[in-house]
Structure formats: C-alpha cells, structure tokens
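Worksheet: the structure to be examined is printed underneath.
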Amino acid sequence: MARRAVLFLQLGGPDTLADVPGFLYRLFADPDVLRIRPALLRKAVAGAIALARSRTSRTLYASIGGGSPI
C-alpha cells in the first residue's frame, strides 16, 4: 500500500476588500512564490497579476464576508 500525505499551507489573506490588491501584490512579489529574477521583473509581474486578479478576488472574498476568514 502506498503512503500519501497532505500538506496544508496558509499564506494569509486580506482583512477587507480594499486590502485585496495589496495582498495579491505582496503574495506574488515574494521570491518564494514567484522565482523570477531580477527582483524588478518579479515585482512587475506581481503587479500585473494583482491588477488582473483584483476584481475576481474581491468578488470571491465578498462572497465569504468581505475578507479572509483566517
């Protein structure tokens, strides 16, 4: 019988809907999340992802009360 494991990670979350863009930027600007060099390019990509995902993420957070339940 093969052994299996499940690993749960918690990376935080925004407190309010207004915090969503900043949270997304900080998440994707982390070099452990996006391994892009140089840092300036990683931050540009993080900004683009945050901009592209903000509306959808806000809608999803609004559906669970307006922020992270953590």
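Residues in the structure tokens are named by chain (A, B, ... in the order shown) and by number from 1 within that chain; ligands are numbered from 1 in the order shown.
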Leaving out Ala52 (chain A) and any residue of its chain fewer than 4 positions from it, which residues lie within 12 Å of it when counting only C-alpha atoms, given as a list in words?
Val20, Pro21, Leu24, Tyr25, Val45, Ala46, Gly47, Ala48, Thr56, Ser57 and Arg58 of chain A
Using only C-alpha atoms, determine which residues lie at most 10 Å from Leu17 (chain A), disregarding the query and same-chain residues fewer than 2 positions distant; provide the list as a ChimeraX atom specification.
/A:14-15,19-21,54-55,57-62,65-68
List every residue of chain A that DSSP, applied to the backbone, labels as alpha helix (DSSP H), and write the result as an NGL selection string.
:A and (20-29 or 39-63)
Can you write out the residues you just picked, keeping N, CA, C and O atoms, as a short mmCIF file (atom, residue, chain, number, x, y, z; two decimals), in the first residue's frame?
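Contents of part_17.cif, as written:
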```cif
data_model
loop_
_atom_site.label_atom_id
_atom_site.label_comp_id
_atom_site.auth_asym_id
_atom_site.auth_seq_id
_atom_site.Cartn_x
_atom_site.Cartn_y
_atom_site.Cartn_z
N VAL A 20 -7.37 43.70 -0.84
CA VAL A 20 -7.13 42.62 -1.80
C VAL A 20 -5.99 42.91 -2.77
O VAL A 20 -5.09 42.09 -2.92
N PRO A 21 -5.96 44.06 -3.45
CA PRO A 21 -4.86 44.30 -4.41
C PRO A 21 -3.47 44.26 -3.74
O PRO A 21 -2.54 43.66 -4.27
N GLY A 22 -3.35 44.89 -2.60
CA GLY A 22 -2.08 44.89 -1.88
C GLY A 22 -1.67 43.50 -1.43
O GLY A 22 -0.49 43.13 -1.50
N PHE A 23 -2.64 42.72 -0.96
CA PHE A 23 -2.36 41.35 -0.56
C PHE A 23 -1.86 40.53 -1.75
O PHE A 23 -0.86 39.81 -1.64
N LEU A 24 -2.54 40.65 -2.88
CA LEU A 24 -2.12 39.90 -4.06
C LEU A 24 -0.72 40.31 -4.51
O LEU A 24 0.10 39.45 -4.86
N TYR A 25 -0.44 41.60 -4.48
CA TYR A 25 0.89 42.07 -4.88
C TYR A 25 1.96 41.49 -3.95
O TYR A 25 2.96 40.95 -4.42
N ARG A 26 1.76 41.61 -2.65
CA ARG A 26 2.75 41.09 -1.70
C ARG A 26 2.91 39.58 -1.84
O ARG A 26 4.03 39.06 -1.74
N LEU A 27 1.84 38.88 -2.10
CA LEU A 27 1.91 37.43 -2.28
C LEU A 27 2.78 37.07 -3.47
O LEU A 27 3.72 36.28 -3.36
N PHE A 28 2.50 37.68 -4.62
CA PHE A 28 3.22 37.31 -5.83
C PHE A 28 4.59 37.98 -5.96
O PHE A 28 5.42 37.54 -6.74
N ALA A 29 4.87 39.02 -5.17
CA ALA A 29 6.19 39.64 -5.16
C ALA A 29 7.18 38.86 -4.30
O ALA A 29 8.38 39.11 -4.36
N ALA A 39 14.72 40.98 -9.32
CA ALA A 39 13.60 41.35 -8.44
C ALA A 39 12.67 42.36 -9.09
O ALA A 39 11.45 42.31 -8.90
N LEU A 40 13.23 43.29 -9.85
CA LEU A 40 12.40 44.30 -10.51
C LEU A 40 11.40 43.66 -11.47
O LEU A 40 10.23 44.05 -11.51
N LEU A 41 11.84 42.66 -12.20
CA LEU A 41 10.94 41.95 -13.11
C LEU A 41 9.88 41.18 -12.33
O LEU A 41 8.70 41.18 -12.69
N ARG A 42 10.28 40.52 -11.23
CA ARG A 42 9.32 39.78 -10.40
C ARG A 42 8.25 40.73 -9.86
O ARG A 42 7.06 40.41 -9.86
N LYS A 43 8.67 41.92 -9.43
CA LYS A 43 7.71 42.89 -8.88
C LYS A 43 6.76 43.41 -9.97
O LYS A 43 5.58 43.64 -9.71
N ALA A 44 7.28 43.56 -11.18
CA ALA A 44 6.42 43.98 -12.30
C ALA A 44 5.39 42.91 -12.62
O ALA A 44 4.20 43.21 -12.83
N VAL A 45 5.82 41.66 -12.64
CA VAL A 45 4.90 40.54 -12.88
C VAL A 45 3.88 40.46 -11.75
O VAL A 45 2.68 40.27 -11.99
N ALA A 46 4.34 40.64 -10.50
CA ALA A 46 3.43 40.61 -9.35
C ALA A 46 2.37 41.71 -9.47
O ALA A 46 1.18 41.47 -9.19
N GLY A 47 2.78 42.88 -9.90
CA GLY A 47 1.83 43.98 -10.09
C GLY A 47 0.81 43.67 -11.17
O GLY A 47 -0.38 43.96 -11.02
N ALA A 48 1.27 43.06 -12.25
CA ALA A 48 0.36 42.70 -13.35
C ALA A 48 -0.64 41.64 -12.89
O ALA A 48 -1.84 41.72 -13.22
N ILE A 49 -0.18 40.65 -12.15
CA ILE A 49 -1.08 39.60 -11.64
C ILE A 49 -2.10 40.23 -10.69
O ILE A 49 -3.30 39.93 -10.76
N ALA A 50 -1.62 41.07 -9.76
CA ALA A 50 -2.52 41.71 -8.79
C ALA A 50 -3.59 42.54 -9.51
O ALA A 50 -4.77 42.48 -9.15
N LEU A 51 -3.18 43.28 -10.52
CA LEU A 51 -4.12 44.09 -11.28
C LEU A 51 -5.15 43.21 -12.00
O LEU A 51 -6.35 43.48 -11.97
N ALA A 52 -4.67 42.14 -12.61
CA ALA A 52 -5.56 41.25 -13.39
C ALA A 52 -6.51 40.46 -12.50
O ALA A 52 -7.64 40.17 -12.90
N ARG A 53 -6.08 40.11 -11.29
CA ARG A 53 -6.89 39.24 -10.42
C ARG A 53 -7.71 39.98 -9.37
O ARG A 53 -8.54 39.36 -8.70
N SER A 54 -7.49 41.28 -9.20
CA SER A 54 -8.15 42.01 -8.11
C SER A 54 -9.67 41.94 -8.15
O SER A 54 -10.31 41.67 -7.14
N ARG A 55 -10.26 42.17 -9.32
CA ARG A 55 -11.73 42.17 -9.40
C ARG A 55 -12.31 40.81 -9.05
O ARG A 55 -13.24 40.70 -8.25
N THR A 56 -11.76 39.77 -9.64
CA THR A 56 -12.25 38.41 -9.37
C THR A 56 -12.05 38.04 -7.91
O THR A 56 -12.94 37.49 -7.26
N SER A 57 -10.88 38.36 -7.38
CA SER A 57 -10.58 38.01 -5.98
C SER A 57 -11.49 38.78 -5.03
O SER A 57 -11.96 38.23 -4.03
N ARG A 58 -11.74 40.06 -5.32
CA ARG A 58 -12.66 40.84 -4.47
C ARG A 58 -14.05 40.20 -4.47
O ARG A 58 -14.70 40.12 -3.43
N THR A 59 -14.51 39.78 -5.63
CA THR A 59 -15.83 39.14 -5.72
C THR A 59 -15.87 37.87 -4.86
O THR A 59 -16.83 37.64 -4.14
N LEU A 60 -14.83 37.09 -4.94
CA LEU A 60 -14.77 35.85 -4.16
C LEU A 60 -14.70 36.14 -2.66
O LEU A 60 -15.41 35.50 -1.86
N TYR A 61 -13.89 37.11 -2.26
CA TYR A 61 -13.82 37.46 -0.83
C TYR A 61 -15.14 38.07 -0.36
O TYR A 61 -15.56 37.84 0.78
N ALA A 62 -15.82 38.84 -1.21
CA ALA A 62 -17.12 39.40 -0.84
C ALA A 62 -18.13 38.30 -0.58
O ALA A 62 -18.97 38.42 0.32
N SER A 63 -18.02 37.22 -1.33
CA SER A 63 -18.98 36.11 -1.14
C SER A 63 -18.79 35.37 0.17
O SER A 63 -19.68 34.64 0.60
#
```
For CA of Ile70 (chain A) and CA of Gln10 (chain A), the interatomic separation in Å (one decimal)
8.9 Å
So how many Å separate CA of Gly12 (chain A) and CA of Ile36 (chain A), to one decimal?
21.6 Å
